[in-house]
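Participant: Sharing data-v9.csv here; it has CSV, C-alpha atoms and all ligand atoms.
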```
chain,number,residue,atom,x,y,z
A,1152,MET,CA,-32.0,-5.6,0.6
A,1153,LYS,CA,-28.5,-6.3,-0.4
A,1154,MET,CA,-27.5,-2.7,0.2
A,1155,THR,CA,-29.1,-2.8,3.6
A,1156,LEU,CA,-27.0,-5.8,4.5
A,1157,LEU,CA,-23.9,-4.0,3.3
A,1158,TYR,CA,-24.6,-1.0,5.5
A,1159,ILE,CA,-25.2,-3.2,8.6
A,1160,ILE,CA,-21.9,-5.0,8.0
A,1161,LEU,CA,-20.1,-1.7,7.4
A,1162,ALA,CA,-21.6,-0.2,10.6
A,1163,ALA,CA,-20.4,-3.2,12.6
A,1164,LEU,CA,-16.9,-3.0,11.0
A,1165,MET,CA,-16.6,0.8,11.6
A,1166,THR,CA,-16.7,0.3,15.4
A,1167,ALA,CA,-14.6,-2.8,15.3
A,1168,CYS,CA,-11.0,-3.3,16.6
A,1169,GLY,CA,-11.7,-1.4,19.9
A,1170,ASN,CA,-10.5,2.1,19.1
A,1171,THR,CA,-13.6,4.3,19.2
A,1172,ASN,CA,-11.9,7.6,18.5
A,1173,ALA,CA,-12.9,7.5,14.8
A,1174,THR,CA,-14.2,11.1,14.6
A,1175,SER,CA,-11.7,12.7,16.9
A,1176,THR,CA,-9.5,15.3,15.3
A,1177,THR,CA,-6.8,15.2,17.9
A,1178,GLU,CA,-3.8,13.0,17.9
A,1179,ALA,CA,-4.5,9.6,19.3
A,1180,THR,CA,-2.3,6.8,20.5
A,1181,ASN,CA,-3.9,3.6,19.4
A,1182,ASP,CA,-3.8,0.6,21.7
A,1183,SER,CA,-4.4,-2.2,19.2
A,1184,THR,CA,-0.8,-3.4,19.4
A,1185,ALA,CA,-1.8,-6.7,21.0
A,1186,THR,CA,-1.5,-9.9,19.1
A,1187,THR,CA,-4.3,-10.7,16.8
A,1188,SER,CA,-6.5,-13.8,16.6
A,1189,THR,CA,-6.8,-15.4,13.2
A,1190,THR,CA,-8.1,-18.8,12.3
A,1191,ALA,CA,-4.6,-20.0,13.1
A,1192,GLY,CA,-4.2,-18.3,16.5
A,1193,LYS,CA,-2.2,-15.3,17.5
A,1194,VAL,CA,-0.1,-13.5,15.0
A,1195,GLN,CA,2.4,-10.7,15.6
A,1196,PHE,CA,3.8,-8.9,12.6
A,1197,ASP,CA,7.5,-9.1,12.1
A,1198,GLY,CA,8.8,-5.7,11.1
A,1199,ASN,CA,12.5,-6.8,11.0
A,1200,ALA,CA,11.6,-9.5,8.5
A,1201,ALA,CA,9.8,-6.8,6.4
A,1202,LEU,CA,12.8,-4.5,6.7
A,1203,ASN,CA,14.9,-7.3,5.2
A,1204,LEU,CA,12.5,-7.7,2.3
A,1205,ALA,CA,12.8,-3.9,1.6
A,1206,GLN,CA,16.6,-4.4,1.7
A,1207,GLN,CA,16.4,-7.2,-0.8
A,1208,GLN,CA,14.4,-4.9,-3.2
A,1209,CYS,CA,16.9,-2.1,-2.8
A,1210,ALA,CA,19.8,-4.5,-3.5
A,1211,PHE,CA,18.6,-4.6,-7.1
A,1212,GLY,CA,19.2,-0.9,-7.3
A,1213,PRO,CA,16.4,1.6,-8.3
A,1214,ARG,CA,13.6,-0.4,-9.9
A,1215,VAL,CA,13.1,2.1,-12.7
A,1216,PRO,CA,10.7,0.7,-15.5
A,1217,GLY,CA,12.6,-0.5,-18.5
A,1218,THR,CA,15.9,-1.2,-16.7
A,1219,PRO,CA,17.6,-4.5,-15.9
A,1220,ALA,CA,17.2,-3.9,-12.1
A,1221,HIS,CA,13.4,-3.6,-12.7
A,1222,ALA,CA,13.3,-6.8,-14.7
A,1223,LYS,CA,15.3,-8.7,-12.1
A,1224,CYS,CA,13.2,-7.4,-9.2
A,1225,ALA,CA,10.0,-8.5,-11.1
A,1226,GLU,CA,11.4,-12.1,-11.2
A,1227,TRP,CA,12.2,-12.0,-7.5
A,1228,LEU,CA,8.8,-10.6,-6.5
A,1229,THR,CA,7.1,-13.3,-8.5
A,1230,THR,CA,9.2,-16.0,-6.9
A,1231,THR,CA,8.7,-14.6,-3.4
A,1232,LEU,CA,4.9,-14.3,-3.7
A,1233,LYS,CA,4.7,-17.8,-5.1
A,1234,ALA,CA,6.2,-19.1,-1.8
A,1235,SER,CA,3.2,-17.6,0.1
A,1236,CYS,CA,0.2,-17.4,-2.2
A,1237,ASP,CA,-2.0,-20.0,-3.7
A,1238,THR,CA,-1.9,-18.4,-7.2
A,1239,VAL,CA,0.4,-15.8,-8.7
A,1240,MET,CA,-0.4,-13.9,-11.9
A,1241,VAL,CA,1.9,-11.5,-13.8
A,1242,GLN,CA,-0.2,-9.0,-15.7
A,1243,THR,CA,1.7,-7.5,-18.6
A,1244,GLY,CA,0.7,-4.5,-20.8
A,1245,THR,CA,1.8,-1.2,-22.2
A,1246,VAL,CA,1.0,2.2,-20.9
A,1247,GLN,CA,1.7,5.7,-22.2
A,1248,THR,CA,4.0,7.7,-19.9
A,1249,ALA,CA,3.9,11.5,-19.8
A,1250,LYS,CA,7.7,12.0,-20.4
A,1251,SER,CA,9.1,8.7,-21.7
A,1252,GLY,CA,6.7,7.4,-24.2
A,1253,PRO,CA,5.2,3.9,-24.2
A,1254,MET,CA,6.3,1.6,-21.3
A,1255,GLY,CA,5.9,-2.1,-20.7
A,1256,ILE,CA,4.4,-2.9,-17.3
A,1257,LYS,CA,4.3,-5.9,-15.0
A,1258,ASN,CA,1.6,-5.9,-12.3
A,1259,ILE,CA,2.4,-8.9,-10.0
A,1260,ILE,CA,-0.6,-10.4,-8.3
A,1261,GLY,CA,-0.6,-12.9,-5.4
A,1262,ILE,CA,-3.9,-14.6,-4.5
A,1263,ILE,CA,-4.7,-16.2,-1.2
A,1264,ASN,CA,-7.8,-18.4,-0.9
A,1265,PRO,CA,-8.9,-17.9,-4.5
A,1266,ASP,CA,-12.3,-19.5,-3.8
A,1267,ALA,CA,-13.3,-17.3,-0.8
A,1268,SER,CA,-16.1,-15.0,-1.7
A,1269,GLN,CA,-15.3,-12.3,0.9
A,1270,ARG,CA,-12.0,-10.7,-0.3
A,1271,LEU,CA,-9.6,-7.9,0.7
A,1272,LEU,CA,-7.6,-6.1,-1.9
A,1273,LEU,CA,-4.1,-4.9,-0.8
A,1274,LEU,CA,-1.9,-2.8,-3.1
A,1275,ALA,CA,1.5,-1.2,-3.2
A,1276,HIS,CA,3.6,0.1,-6.1
A,1277,TRP,CA,6.9,-1.7,-6.7
A,1278,ASP,CA,8.5,0.6,-9.3
A,1279,THR,CA,10.7,3.6,-8.4
A,1280,ARG,CA,10.9,7.1,-9.8
A,1281,PRO,CA,13.5,7.7,-12.5
A,1282,TRP,CA,14.1,11.3,-11.4
A,1283,ALA,CA,15.0,12.6,-7.9
A,1284,ASP,CA,13.4,15.9,-8.9
A,1285,ASN,CA,12.7,17.0,-5.4
A,1286,ASP,CA,16.3,16.7,-4.3
A,1287,PRO,CA,17.6,19.9,-2.8
A,1288,ASP,CA,20.6,19.6,-5.1
A,1289,ALA,CA,19.5,20.2,-8.7
A,1290,ALA,CA,22.5,18.2,-9.9
A,1291,ASN,CA,20.6,15.1,-8.7
A,1292,HIS,CA,17.3,15.8,-10.4
A,1293,ASN,CA,18.0,13.3,-13.2
A,1294,LYS,CA,19.3,10.6,-10.9
A,1295,PRO,CA,16.9,7.7,-10.0
A,1296,VAL,CA,15.3,7.3,-6.6
A,1297,MET,CA,16.2,4.2,-4.6
A,1298,GLY,CA,12.7,4.1,-3.2
A,1299,ALA,CA,13.4,2.3,0.1
A,1300,ASN,CA,10.3,4.2,1.5
A,1301,ASP,CA,8.6,5.2,-1.8
A,1302,GLY,CA,8.1,1.7,-3.2
A,1303,ALA,CA,10.0,-0.9,-1.2
A,1304,SER,CA,8.4,-0.3,2.2
A,1305,GLY,CA,4.8,-1.0,1.1
A,1306,VAL,CA,5.8,-4.0,-0.9
A,1307,ALA,CA,7.9,-5.4,1.9
A,1308,VAL,CA,4.9,-5.2,4.4
A,1309,LEU,CA,2.7,-7.0,1.9
A,1310,LEU,CA,5.3,-9.7,1.2
A,1311,GLN,CA,5.8,-10.3,4.9
A,1312,LEU,CA,2.1,-10.3,5.5
A,1313,ALA,CA,1.6,-13.0,2.9
A,1314,HIS,CA,4.4,-15.0,4.4
A,1315,GLN,CA,2.9,-14.9,7.9
A,1316,LEU,CA,-0.6,-15.6,6.7
A,1317,LYS,CA,0.7,-18.7,4.9
A,1318,GLN,CA,2.0,-19.9,8.3
A,1319,ALA,CA,-1.0,-18.8,10.4
A,1320,GLY,CA,-3.8,-19.5,7.9
A,1321,THR,CA,-6.8,-17.2,7.1
A,1322,THR,CA,-10.3,-17.8,5.9
A,1323,LEU,CA,-10.4,-14.5,4.1
A,1324,GLY,CA,-9.7,-14.2,0.4
A,1325,ILE,CA,-6.8,-11.8,-0.1
A,1326,ASP,CA,-5.5,-10.3,-3.4
A,1327,ILE,CA,-2.1,-8.6,-3.2
A,1328,VAL,CA,-1.6,-6.4,-6.3
A,1329,LEU,CA,2.0,-5.1,-6.7
A,1330,VAL,CA,1.4,-2.3,-9.2
A,1331,ASP,CA,4.0,-1.0,-11.7
A,1332,VAL,CA,4.7,2.4,-13.1
A,1333,GLU,CA,3.1,4.4,-10.3
A,1334,ASP,CA,5.9,7.0,-10.1
A,1335,MET,CA,6.5,8.4,-13.6
A,1336,GLY,CA,4.0,11.2,-13.3
A,1337,GLU,CA,4.4,14.9,-13.8
A,1338,ASN,CA,3.0,17.8,-11.7
A,1339,ASP,CA,-0.5,19.0,-12.5
A,1340,ASN,CA,-1.3,15.9,-14.6
A,1341,GLU,CA,-3.3,13.6,-12.3
A,1342,ASP,CA,-3.7,10.8,-15.0
A,1343,SER,CA,0.1,10.6,-15.5
A,1344,TRP,CA,0.5,8.8,-12.1
A,1345,GLY,CA,-0.5,5.3,-11.2
A,1346,LEU,CA,-0.3,3.9,-14.7
A,1347,GLY,CA,0.0,0.3,-13.6
A,1348,THR,CA,-3.1,0.7,-11.4
A,1349,GLN,CA,-5.0,2.4,-14.2
A,1350,PHE,CA,-4.2,-0.6,-16.4
A,1351,TRP,CA,-5.3,-3.1,-13.7
A,1352,ALA,CA,-8.5,-1.1,-13.1
A,1353,GLU,CA,-9.4,-1.4,-16.8
A,1354,HIS,CA,-8.3,-5.1,-16.8
A,1355,PRO,CA,-9.0,-6.6,-13.4
A,1356,HIS,CA,-7.3,-10.0,-12.8
A,1357,LYS,CA,-10.7,-11.6,-12.4
A,1358,SER,CA,-13.9,-10.5,-14.3
A,1359,GLY,CA,-16.5,-9.1,-12.0
A,1360,TYR,CA,-13.9,-8.7,-9.3
A,1361,LYS,CA,-15.6,-7.2,-6.2
A,1362,PRO,CA,-13.6,-7.2,-2.9
A,1363,VAL,CA,-15.1,-5.8,0.3
A,1364,PHE,CA,-12.6,-2.9,-0.1
A,1365,GLY,CA,-9.0,-2.2,-0.8
A,1366,ILE,CA,-6.0,-0.8,1.2
A,1367,LEU,CA,-3.1,0.9,-0.6
A,1368,LEU,CA,0.3,1.2,1.2
A,1369,ASP,CA,2.6,4.0,0.1
A,1370,MET,CA,5.7,5.3,2.0
A,1371,VAL,CA,5.0,3.3,5.2
A,1372,GLY,CA,8.5,3.0,6.6
A,1373,SER,CA,9.7,6.3,8.1
A,1374,SER,CA,10.4,6.5,11.9
A,1375,ASP,CA,8.6,9.9,11.8
A,1376,ALA,CA,5.6,8.8,9.7
A,1377,THR,CA,2.3,10.3,10.4
A,1378,PHE,CA,-0.6,8.4,8.9
A,1379,THR,CA,-3.5,10.8,8.9
A,1380,ARG,CA,-6.8,10.1,7.1
A,1381,GLU,CA,-6.1,10.9,3.4
A,1382,TYR,CA,-8.7,13.1,1.8
A,1383,TYR,CA,-9.8,11.0,-1.2
A,1384,SER,CA,-10.0,7.9,0.9
A,1385,THR,CA,-12.4,9.7,3.2
A,1386,GLN,CA,-14.5,10.9,0.3
A,1387,TYR,CA,-14.8,7.6,-1.4
A,1388,ALA,CA,-14.4,5.1,1.4
A,1389,GLY,CA,-15.0,6.9,4.7
A,1390,GLY,CA,-16.5,3.9,6.5
A,1391,PHE,CA,-13.5,1.8,5.7
A,1392,VAL,CA,-11.1,4.6,6.8
A,1393,ASP,CA,-12.9,4.4,10.2
A,1394,LEU,CA,-12.4,0.6,10.2
A,1395,VAL,CA,-8.6,0.9,9.4
A,1396,TRP,CA,-7.9,3.7,11.9
A,1397,ASN,CA,-10.0,1.8,14.6
A,1398,CYS,CA,-7.7,-1.2,14.0
A,1399,ALA,CA,-4.5,0.9,13.9
A,1400,ALA,CA,-1.5,-0.3,15.9
A,1401,GLY,CA,1.0,2.0,17.6
A,1402,ASN,CA,1.2,5.8,17.5
A,1403,HIS,CA,2.0,6.6,13.9
A,1404,PHE,CA,-1.7,6.5,12.9
A,1405,ILE,CA,-3.3,9.8,13.8
A,1406,ASN,CA,-7.1,9.9,13.7
A,1407,ALA,CA,-7.3,13.3,12.1
A,1408,GLN,CA,-8.1,14.5,8.5
A,1409,GLY,CA,-5.0,14.8,6.4
A,1410,GLY,CA,-4.3,16.1,2.9
A,1411,ALA,CA,-5.2,14.8,-0.6
A,1412,VAL,CA,-2.8,12.7,-2.7
A,1413,THR,CA,-3.0,11.7,-6.3
A,1414,ASP,CA,-2.2,8.1,-5.6
A,1415,ASP,CA,-3.1,4.6,-6.9
A,1416,HIS,CA,-6.2,4.4,-4.7
A,1417,ILE,CA,-7.9,7.1,-6.8
A,1418,PHE,CA,-8.1,4.8,-9.8
A,1419,VAL,CA,-9.3,1.9,-7.7
A,1420,ASN,CA,-12.1,4.0,-6.2
A,1421,ARG,CA,-13.1,5.4,-9.6
A,1422,ALA,CA,-13.4,1.7,-10.8
A,1423,GLY,CA,-16.0,1.2,-8.0
A,1424,ILE,CA,-13.9,-0.5,-5.4
A,1425,PRO,CA,-13.7,1.5,-2.1
A,1426,CYS,CA,-10.0,2.0,-1.4
A,1427,VAL,CA,-8.1,3.5,1.5
A,1428,ASP,CA,-4.6,5.0,1.2
A,1429,ILE,CA,-2.2,4.5,4.2
A,1430,ILE,CA,0.4,7.1,3.3
A,1431,ASP,CA,2.8,9.2,5.3
A,1432,LEU,CA,1.4,12.7,5.1
A,1433,ARG,CA,3.3,15.6,6.7
A,1434,SER,CA,1.5,18.9,7.6
A,1435,ASP,CA,4.9,20.5,8.4
A,1436,SER,CA,6.6,20.1,5.0
A,1437,ASP,CA,6.4,22.0,1.7
A,1438,THR,CA,5.8,18.9,-0.3
A,1439,GLY,CA,3.3,17.3,2.1
A,1440,PHE,CA,5.6,14.3,2.4
A,1441,CYS,CA,8.8,13.2,4.3
A,1442,PRO,CA,12.0,15.1,3.6
A,1443,GLU,CA,13.5,12.1,1.5
A,1444,TRP,CA,10.5,12.1,-0.9
A,1445,HIS,CA,11.8,12.0,-4.5
A,1446,THR,CA,15.3,12.7,-3.4
A,1447,ILE,CA,18.5,10.5,-3.6
A,1448,HIS,CA,18.2,10.2,0.2
A,1449,ASP,CA,15.2,7.8,0.0
A,1450,THR,CA,17.5,4.9,1.0
A,1451,MET,CA,17.4,2.1,3.6
A,1452,ASP,CA,18.4,4.7,6.2
A,1453,ALA,CA,15.0,6.4,5.7
A,1454,ILE,CA,13.0,3.4,6.9
A,1455,ASN,CA,12.8,1.5,10.2
A,1456,PRO,CA,11.3,-1.8,11.4
A,1457,ALA,CA,9.1,-0.3,14.1
A,1458,THR,CA,6.9,1.6,11.7
A,1459,LEU,CA,6.7,-1.4,9.3
A,1460,THR,CA,5.6,-3.4,12.3
A,1461,GLU,CA,2.7,-1.0,13.1
A,1462,VAL,CA,1.5,-1.0,9.5
A,1463,GLY,CA,1.7,-4.7,9.2
A,1464,GLN,CA,0.0,-5.3,12.5
A,1465,THR,CA,-2.8,-2.9,11.5
A,1466,LEU,CA,-3.4,-5.0,8.4
A,1467,LEU,CA,-3.5,-8.2,10.5
A,1468,ASN,CA,-6.0,-6.5,12.8
A,1469,VAL,CA,-8.2,-5.5,9.8
A,1470,ILE,CA,-8.0,-9.1,8.5
A,1471,ALA,CA,-8.9,-10.5,11.9
A,1472,GLU,CA,-12.0,-8.2,12.0
A,1473,LEU,CA,-13.1,-9.3,8.5
A,1474,GLU,CA,-12.6,-12.9,9.4
A,1475,LYS,CA,-15.2,-12.6,12.3
B,1,LIG,C1,3.3,9.0,-4.0
B,1,LIG,C2,4.6,8.7,-3.9
B,1,LIG,N1,3.2,9.6,-5.2
B,1,LIG,C3,4.3,9.6,-5.8
B,1,LIG,N2,5.2,9.0,-5.0
B,1,LIG,C4,1.9,10.1,-5.7
B,1,LIG,C5,1.9,11.6,-5.9
B,1,LIG,C6,1.5,12.1,-7.1
B,1,LIG,C7,2.4,12.5,-4.9
B,1,LIG,C8,1.5,13.5,-7.3
B,1,LIG,C9,2.4,13.8,-5.1
B,1,LIG,C10,1.9,14.3,-6.3
B,2,ZN,ZN,7.1,8.6,-5.6
```
For the file at hand, write its structure as structure tokens.
Facilitator:
Amino acid sequence: MKMTLLYIILAALMTACGNTNATSTTEATNDSTATTSTTAGKVQFDGNAALNLAQQQCAFGPRVPGTPAHAKCAEWLTTTLKASCDTVMVQTGTVQTAKSGPMGIKNIIGIINPDASQRLLLLAHWDTRPWADNDPDAANHNKPVMGANDGASGVAVLLQLAHQLKQAGTTLGIDIVLVDVEDMGENDNEDSWGLGTQFWAEHPHKSGYKPVFGILLDMVGSSDATFTREYYSTQYAGGFVDLVWNCAAGNHFINAQGGAVTDDHIFVNRAGIPCVDIIDLRSDSDTGFCPEWHTIHDTMDAINPATLTEVGQTLLNVIAELEK
């Protein structure tokens, strides 16, 4: 009976938001850019404010775990979330990295409407990679990545979303989990990535935690971004991928199947929570990502407010749908 109800709700959500091109494999321009109704009225996502929040993260320098910049940014993220969320928790622990031994982590969690039973999980990693090992110049391979796109962009959208929801109000329960130590992995070692998320999946911030589903943001700021439907998201959470792409704002969301990424969402899905990865996947590059990925060029020049607006607006559209 319970499962039947879940399927009915999911079927309704899958066709929600007005874009009915969910199974199309051609490029689609979405038309859900209109303002969104929430309990507090119309809300339009402010991508310029999000860009400013990315800039503030980058001003600390690369947020490499174990460095002073990482520690200072953790304080700032906690303070910033406290201004918008009802409850903020900082989850600490130690994980085993592939190349740098044991590492302390801080997962920073902002909770909106803690008593609401229907909840949406939103994730982004806030750490940055210690090594720009995809840089065309090998002399840069041991330099840290600034992570304007790979780290700061997703966090900035979630911080700005929390800020706007505080002003507008929402009836939905929302858990924003800023995960640490995503980006210290090594090739061909899946479990070496997403260490903060793996820790959270083993120690959820609330026992029996069961949101409707989760959305992960990763590398969501490039002007050339193409957000295709990521493979594992489709495998584990296909109905929710339909929902998100039906709610998509602007023309960076492409309703076609994209590649597979070993990202934080894998560990959330394995823990039994369906989770969708919104990530910039490129079919025309050797790495599968944007040219700045894991290079010293992943700086503020690599991100722009228009793409952040589209991603933030898409989240607002999904939230409005779940509020109905
Ligand atoms: C995403 C951004 N990832 C790292 N930075 C995850 C990833 C893991 C991407 C392995 C490619 C390979
Ligand atoms: Zn990375």
Participant: With all atoms listed in the file counted, collect every polymer residue having an atom within 6 Å of ligand ZN 2 (chain B); state the result as number ranges by chain.
Facilitator: A: 1280, 1301, 1334, 1445
Participant: Check which residues fall inside 8 Å of ligand LIG 1 (chain B) when counting all atoms listed in the file, and print them as an MDAnalysis selection string.
Facilitator: chainID A and resid 1280 1301:1302 1333:1334 1336:1339 1341 1344:1345 1369:1370 1412:1415 1438 1444:1445
Participant: Measuring between only C-alpha atoms, which one of A:Ile1263, A:Ile1256, A:Ala1388, A:Cys1224 shows the shortest distance to A:Gly1320?
Facilitator: A:Ile1263
Participant: Contacts of A:Cys1426 at 6 Å or less, counting all atoms listed in the file, minus same-chain residues fewer than 3 places along, as a VMD selection string?
Facilitator: chain A and resid 1364 to 1366 1416 1420
Participant: Between atom CA of A:Ile1454 and atom CA of A:Asn1291, measure the distance and give it in Å to one decimal.
Facilitator: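 Atom-to-atom, atom CA of A:Ile1454 to atom CA of A:Asn1291, that is 20.9 Å.
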Participant: What is the distance between atom CA of A:Asp1428 and atom CA of A:Tyr1382, in Å to one decimal?
Facilitator: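 Going from atom CA of A:Asp1428 over to atom CA of A:Tyr1382, I get 9.1 Å.
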Participant: Within 7 Å of A:Pro1362, counting all atoms listed in the file, which residues show up once you throw out same-chain ones fewer than 3 positions away? Write them as an MDAnalysis selection string, please.
Facilitator: chainID A and resid 1269:1272
Participant: For each of A:His1356, A:His1314, A:His1403, A:Arg1380, take the minimum atom-to-atom distance to A:Val1239, counting only C-alpha atoms, then give the residue where this is smallest.
Facilitator: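 Nearest candidate to A:Val1239 out of A:His1356, A:His1314, A:His1403, A:Arg1380: A:His1356.
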